[in-house]
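Asker: See coords_8.pdb below, with PDB, C-alpha atoms.
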MODEL        1
ATOM      1  CA  MET A   1       0.000   0.000   0.000
ATOM      2  CA  ILE A   2       1.279   3.462  -0.900
ATOM      3  CA  ASN A   3       1.758   5.928   1.935
ATOM      4  CA  TYR A   4       0.188   8.984   0.289
ATOM      5  CA  ARG A   5       0.984  11.277   3.192
ATOM      6  CA  ARG A   6       4.734  10.674   2.863
ATOM      7  CA  LYS A   7       4.623  10.873  -0.927
ATOM      8  CA  GLY A   8       2.837  14.232  -0.752
ATOM      9  CA  MET A   9       5.297  15.675   1.762
ATOM     10  CA  LYS A  10       8.283  14.661  -0.359
ATOM     11  CA  GLU A  11       6.828  16.143  -3.558
ATOM     12  CA  THR A  12       5.829  19.502  -2.053
ATOM     13  CA  GLY A  13       8.610  20.007   0.389
ATOM     14  CA  GLY A  14       6.344  20.036   3.453
ATOM     15  CA  ASN A  15       2.964  21.456   2.298
ATOM     16  CA  MET A  16       1.345  18.259   3.452
ATOM     17  CA  TYR A  17      -2.370  19.164   3.677
ATOM     18  CA  MET A  18      -3.032  20.399   0.138
ATOM     19  CA  THR A  19      -0.997  17.667  -1.510
ATOM     20  CA  TYR A  20      -2.440  14.944   0.678
ATOM     21  CA  THR A  21      -6.050  15.908  -0.110
ATOM     22  CA  GLU A  22      -5.255  16.331  -3.803
ATOM     23  CA  ILE A  23      -3.623  12.916  -3.964
ATOM     24  CA  VAL A  24      -6.483  11.285  -2.094
ATOM     25  CA  GLU A  25      -9.001  12.915  -4.413
ATOM     26  CA  GLU A  26      -7.124  12.150  -7.597
ATOM     27  CA  THR A  27      -5.970   8.658  -6.789
ATOM     28  CA  LEU A  28      -8.085   6.943  -4.200
ATOM     29  CA  LEU A  29     -11.508   8.462  -4.722
ATOM     30  CA  LYS A  30     -11.502   8.405  -8.502
ATOM     31  CA  THR A  31     -10.056   4.891  -8.641
ATOM     32  CA  ASP A  32     -12.543   3.560  -6.091
ATOM     33  CA  LEU A  33     -15.376   5.458  -7.731
ATOM     34  CA  LYS A  34     -14.492   4.144 -11.174
ATOM     35  CA  ASN A  35     -14.262   0.562  -9.863
ATOM     36  CA  SER A  36     -17.538   0.845  -7.970
ATOM     37  CA  MET A  37     -19.349   2.295 -10.971
ATOM     38  CA  LYS A  38     -17.937  -0.395 -13.221
ATOM     39  CA  LYS A  39     -19.273  -3.072 -10.826
ATOM     40  CA  ILE A  40     -22.829  -1.702 -10.983
ATOM     41  CA  GLY A  41     -22.700  -1.108 -14.748
ATOM     42  CA  THR A  42     -22.593   2.705 -14.752
ATOM     43  CA  ASP A  43     -20.365   4.678 -17.108
ATOM     44  CA  TYR A  44     -17.979   6.923 -15.133
ATOM     45  CA  SER A  45     -17.466   9.315 -18.048
ATOM     46  CA  GLU A  46     -21.217   9.998 -18.372
ATOM     47  CA  ILE A  47     -21.473  10.840 -14.671
ATOM     48  CA  MET A  48     -18.436  13.126 -14.813
ATOM     49  CA  GLU A  49     -19.850  14.820 -17.931
ATOM     50  CA  CYS A  50     -23.089  15.498 -16.003
ATOM     51  CA  VAL A  51     -21.101  16.869 -13.025
ATOM     52  CA  ASN A  52     -18.975  19.075 -15.285
ATOM     53  CA  ASP A  53     -22.051  20.352 -17.150
ATOM     54  CA  SER A  54     -23.731  21.343 -13.877
ATOM     55  CA  PHE A  55     -20.980  23.924 -13.168
ATOM     56  CA  ASP A  56     -20.795  27.318 -14.851
ATOM     57  CA  GLN A  57     -17.013  27.103 -15.396
ATOM     58  CA  ASP A  58     -14.341  24.419 -15.533
ATOM     59  CA  ASP A  59     -13.012  25.547 -12.154
ATOM     60  CA  HIS A  60     -15.401  23.660  -9.836
ATOM     61  CA  VAL A  61     -14.041  25.299  -6.693
ATOM     62  CA  ASN A  62     -14.789  28.900  -7.732
ATOM     63  CA  SER A  63     -17.896  28.436  -9.884
ATOM     64  CA  ASP A  64     -21.541  27.835  -9.075
ATOM     65  CA  ASN A  65     -23.291  24.508  -9.540
ATOM     66  CA  ARG A  66     -26.613  25.121 -11.330
ATOM     67  CA  LEU A  67     -28.262  21.986  -9.921
ATOM     68  CA  LEU A  68     -27.333  22.853  -6.330
ATOM     69  CA  ALA A  69     -28.392  26.477  -6.892
ATOM     70  CA  LYS A  70     -31.814  25.268  -8.093
ATOM     71  CA  GLU A  71     -32.172  23.009  -5.031
ATOM     72  CA  THR A  72     -31.221  25.937  -2.785
ATOM     73  CA  THR A  73     -33.798  28.180  -4.463
ATOM     74  CA  ASP A  74     -36.474  25.515  -4.060
ATOM     75  CA  TRP A  75     -35.536  25.147  -0.404
ATOM     76  CA  LYS A  76     -35.791  28.914   0.143
ATOM     77  CA  ASN A  77     -39.155  29.111  -1.649
ATOM     78  CA  HIS A  78     -40.790  26.048  -0.130
ATOM     79  CA  GLY A  79     -38.942  25.738   3.150
ATOM     80  CA  PRO A  80     -37.243  22.711   4.630
ATOM     81  CA  HIS A  81     -38.587  19.352   3.609
ATOM     82  CA  PHE A  82     -40.469  18.229   6.684
ATOM     83  CA  PHE A  83     -42.439  15.024   6.368
ATOM     84  CA  PRO A  84     -45.274  15.045   5.485
ATOM     85  CA  ALA A  85     -45.470  17.996   3.127
ATOM     86  CA  VAL A  86     -47.165  18.490  -0.216
ATOM     87  CA  ILE A  87     -46.730  21.347  -2.697
ATOM     88  CA  ILE A  88     -49.831  22.224  -4.706
ATOM     89  CA  ASN A  89     -49.768  25.250  -7.032
ATOM     90  CA  ASN A  90     -46.547  26.500  -5.356
ATOM     91  CA  VAL A  91     -48.168  26.441  -1.904
ATOM     92  CA  THR A  92     -46.607  24.110   0.675
ATOM     93  CA  TYR A  93     -48.992  22.191   2.946
ATOM     94  CA  ARG A  94     -47.413  20.624   6.036
ATOM     95  CA  GLY A  95     -48.536  18.816   9.135
ATOM     96  CA  PHE A  96     -51.299  16.274   9.598
ATOM     97  CA  LEU A  97     -52.382  15.664   6.021
ATOM     98  CA  THR A  98     -55.371  13.535   5.201
ATOM     99  CA  PRO A  99     -56.570  12.553   1.748
ATOM    100  CA  ASP A 100     -59.506  14.959   2.201
ATOM    101  CA  ASN A 101     -57.177  17.884   2.994
ATOM    102  CA  VAL A 102     -55.063  17.239  -0.085
ATOM    103  CA  PHE A 103     -58.135  16.645  -2.269
ATOM    104  CA  GLN A 104     -59.688  19.898  -1.072
ATOM    105  CA  ALA A 105     -56.438  21.815  -1.710
ATOM    106  CA  ILE A 106     -56.295  20.428  -5.249
ATOM    107  CA  CYS A 107     -59.940  21.349  -5.858
ATOM    108  CA  GLU A 108     -59.373  24.886  -4.566
ATOM    109  CA  GLY A 109     -56.750  25.338  -7.278
ATOM    110  CA  PHE A 110     -59.377  25.162 -10.030
ATOM    111  CA  GLN A 111     -61.321  28.247 -11.092
ATOM    112  CA  LYS A 112     -64.133  26.028 -12.385
ATOM    113  CA  HIS A 113     -64.497  23.045 -10.074
ATOM    114  CA  PRO A 114     -64.732  19.629 -11.763
ATOM    115  CA  SER A 115     -67.656  17.375 -10.818
ATOM    116  CA  GLU A 116     -65.408  15.394  -8.448
ATOM    117  CA  CYS A 117     -64.859  18.554  -6.403
ATOM    118  CA  LYS A 118     -68.543  19.523  -6.093
ATOM    119  CA  SER A 119     -69.096  17.329  -3.029
ATOM    120  CA  ILE A 120     -66.250  19.080  -1.188
ATOM    121  CA  SER A 121     -67.652  22.524  -1.974
ATOM    122  CA  ASP A 122     -71.122  21.371  -0.808
ATOM    123  CA  GLY A 123     -69.648  20.561   2.593
ATOM    124  CA  GLU A 124     -69.719  16.769   2.361
ATOM    125  CA  THR A 125     -66.855  14.932   3.940
ATOM    126  CA  HIS A 126     -65.301  11.779   2.632
ATOM    127  CA  GLN A 127     -63.345  10.929   5.724
ATOM    128  CA  ILE A 128     -63.159   7.192   6.276
ATOM    129  CA  ILE A 129     -61.647   5.638   9.380
ATOM    130  CA  ASN A 130     -60.574   2.025   8.842
ATOM    131  CA  GLY A 131     -63.218   1.516   6.158
ATOM    132  CA  ILE A 132     -66.118   3.035   8.158
ATOM    133  CA  SER A 133     -67.449   6.466   7.285
ATOM    134  CA  THR A 134     -67.807   9.063  10.013
ATOM    135  CA  LYS A 135     -71.603   8.985   9.731
ATOM    136  CA  VAL A 136     -71.766   5.221  10.308
ATOM    137  CA  LEU A 137     -69.332   5.497  13.218
ATOM    138  CA  VAL A 138     -71.516   8.134  14.917
ATOM    139  CA  ILE A 139     -74.628   5.968  14.430
ATOM    140  CA  ILE A 140     -72.860   2.970  15.975
ATOM    141  CA  VAL A 141     -71.694   4.976  19.006
ATOM    142  CA  VAL A 142     -75.171   6.461  19.580
ATOM    143  CA  GLY A 143     -76.718   2.974  19.240
ATOM    144  CA  ILE A 144     -74.348   1.539  21.829
ATOM    145  CA  LEU A 145     -75.115   4.410  24.216
ATOM    146  CA  LEU A 146     -78.875   3.891  23.790
ATOM    147  CA  CYS A 147     -78.527   0.154  24.433
ATOM    148  CA  ASN A 148     -76.552   0.870  27.607
ATOM    149  CA  LEU A 149     -79.176   3.354  28.826
ATOM    150  CA  ILE A 150     -82.001   0.865  28.179
ATOM    151  CA  LEU A 151     -80.105  -1.900  29.997
ATOM    152  CA  LEU A 152     -79.444   0.441  32.942
ATOM    153  CA  TYR A 153     -83.143   1.379  33.127
ATOM    154  CA  LEU A 154     -84.234  -2.279  33.024
ATOM    155  CA  TYR A 155     -81.697  -3.261  35.696
ATOM    156  CA  ARG A 156     -82.804  -0.474  38.039
ATOM    157  CA  ARG A 157     -86.458  -1.481  37.532
ATOM    158  CA  TYR A 158     -85.643  -5.133  38.274
ATOM    159  CA  TYR A 159     -83.562  -4.175  41.337
ATOM    160  CA  LYS A 160     -86.393  -1.970  42.666
ATOM    161  CA  LYS A 161     -88.906  -4.841  42.343
ATOM    162  CA  GLU A 162     -86.510  -7.238  44.086
ATOM    163  CA  LEU A 163     -85.977  -4.735  46.889
ATOM    164  CA  GLN A 164     -89.753  -4.257  47.282
ATOM    165  CA  ASN A 165     -90.241  -8.040  47.448
ATOM    166  CA  GLU A 166     -87.553  -8.346  50.123
ATOM    167  CA  VAL A 167     -89.126  -5.532  52.172
ATOM    168  CA  ARG A 168     -92.579  -7.084  51.759
ATOM    169  CA  THR A 169     -91.276 -10.518  52.805
ATOM    170  CA  ALA A 170     -89.428  -9.052  55.807
ATOM    171  CA  ALA A 171     -92.508  -7.047  56.854
ATOM    172  CA  HIS A 172     -94.804 -10.091  56.434
ATOM    173  CA  SER A 173     -92.370 -12.177  58.505
ATOM    174  CA  ALA A 174     -92.209  -9.518  61.228
ATOM    175  CA  VAL A 175     -96.019  -9.193  61.340
ATOM    176  CA  SER A 176     -96.415 -12.974  61.435
ATOM    177  CA  GLN A 177     -93.958 -13.222  64.336
ATOM    178  CA  TYR A 178     -95.814 -10.432  66.146
ATOM    179  CA  PHE A 179     -99.149 -12.217  65.789
ATOM    180  CA  ALA A 180     -97.549 -15.494  66.871
ATOM    181  CA  ILE A 181     -96.135 -13.878  70.018
ATOM    182  CA  GLN A 182     -99.444 -12.148  70.737
ATOM    183  CA  ASN A 183    -101.357 -15.420  70.358
ATOM    184  CA  ASN A 184     -98.886 -17.173  72.666
ATOM    185  CA  ASP A 185     -99.341 -14.442  75.279
ATOM    186  CA  ARG A 186    -103.188 -14.758  75.127
ATOM    187  CA  GLU A 187    -103.068 -18.505  75.490
ATOM    188  CA  GLU A 188    -100.817 -18.276  78.501
ATOM    189  CA  MET A 189    -103.081 -15.723  80.174
ATOM    190  CA  GLY A 190    -106.289 -17.295  79.314
TER     191      GLY A 190
ENDMDL
END
Starting from the file, lay out its structure as structure tokens.
Answerer:
Amino acid sequence: MINYRRKGMKETGGNMYMTYTEIVEETLLKTDLKNSMKKIGTDYSEIMECVNDSFDQDDHVNSDNRLLAKETTDWKNHGPHFFPAVIINNVTYRGFLTPDNVFQAICEGFQKHPSECKSISDGETHQIINGISTKVLVIIVVGILLCNLILLYLYRRYYKKELQNEVRTAAHSAVSQYFAIQNNDREEMG
């Protein structure tokens, strides 16, 4: 293995950093890059042509890269790319996005709404939670609540009747014992 650090110091008379990075770039990176691209079937010269074409001048260090400048402009115009985000008609929508939100934003972009968008403008919602529409979900919840209220009413009615029967039985037993004691007292006196 070649010691590139030593080779660079000998060639430049001590300016190690610049020569070392240049040698690494020229030798190692390009060689490894070429070999890696060859292994995956990509032409190195086509990639380098694309890279060279993206710069304004041949001097890559002092010239602007048009592709990176476009990405920077997009970033400035649309902000950082937080997930989830959607750009519709150059307006960035971020946050909790549902299909209805995106559909409504698309429909709002039309001056004349297509027939698919009419239901949104009429105030209908198409929100579906796990295959059940919101309307059906509300009906199910109300039905369950009504069933619980009916069951509670029937239980309280049953419990009240049972309590009345227990009180009646206890009162009947107490009255029967009273009459039995009173009859015993009369027989003993009489």
Asker: For the file shown, report as a list of chain:residue names the outcome of the PyMOL selection byres ((chain A and resi 95) around 8) at residue level.
Answerer: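 This file gives the following for the PyMOL selection byres ((chain A and resi 95) around 8): A:Phe83, A:Pro84, A:Ala85, A:Tyr93, A:Arg94, A:Phe96, A:Leu97.
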Asker: Output C-alpha atoms for every residue in the selection just made, as a compact mmCIF listing (two decimals), in the coordinates of the input.
Answerer:
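result-v4.txt written:
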# COMPACT_ATOMS: atom_id res chain seq x y z
CA PHE A 83 -42.44 15.02 6.37
CA PRO A 84 -45.27 15.04 5.48
CA ALA A 85 -45.47 18.00 3.13
CA TYR A 93 -48.99 22.19 2.95
CA ARG A 94 -47.41 20.62 6.04
CA PHE A 96 -51.30 16.27 9.60
CA LEU A 97 -52.38 15.66 6.02
Asker: Given the choices A:His60, A:Val136, A:Ser45, A:Val86, which gets closest to Thr98 in chain A if the distance is worked out from all atoms listed in the file?
Answerer: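 Checking each of A:His60, A:Val136, A:Ser45, A:Val86 against Thr98 in chain A, counting all atoms listed in the file, the winner is A:Val86.
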Asker: Could you check how far CA of Ala105 in chain A sits from CA of Asn90 in chain A, in Å to one decimal?
Answerer: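 Here the two named atoms are 11.5 Å from each other.
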Asker: Please report the interatomic distance between CA of Lys118 in chain A and CA of Phe103 in chain A in Å with one decimal.
Answerer: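 About the pair CA of Lys118 in chain A and CA of Phe103 in chain A: they are 11.5 Å apart.
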Asker: Separation of CA of Arg66 in chain A and CA of Ser54 in chain A, in Å?
Answerer: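 A separation of 5.4 Å between them.
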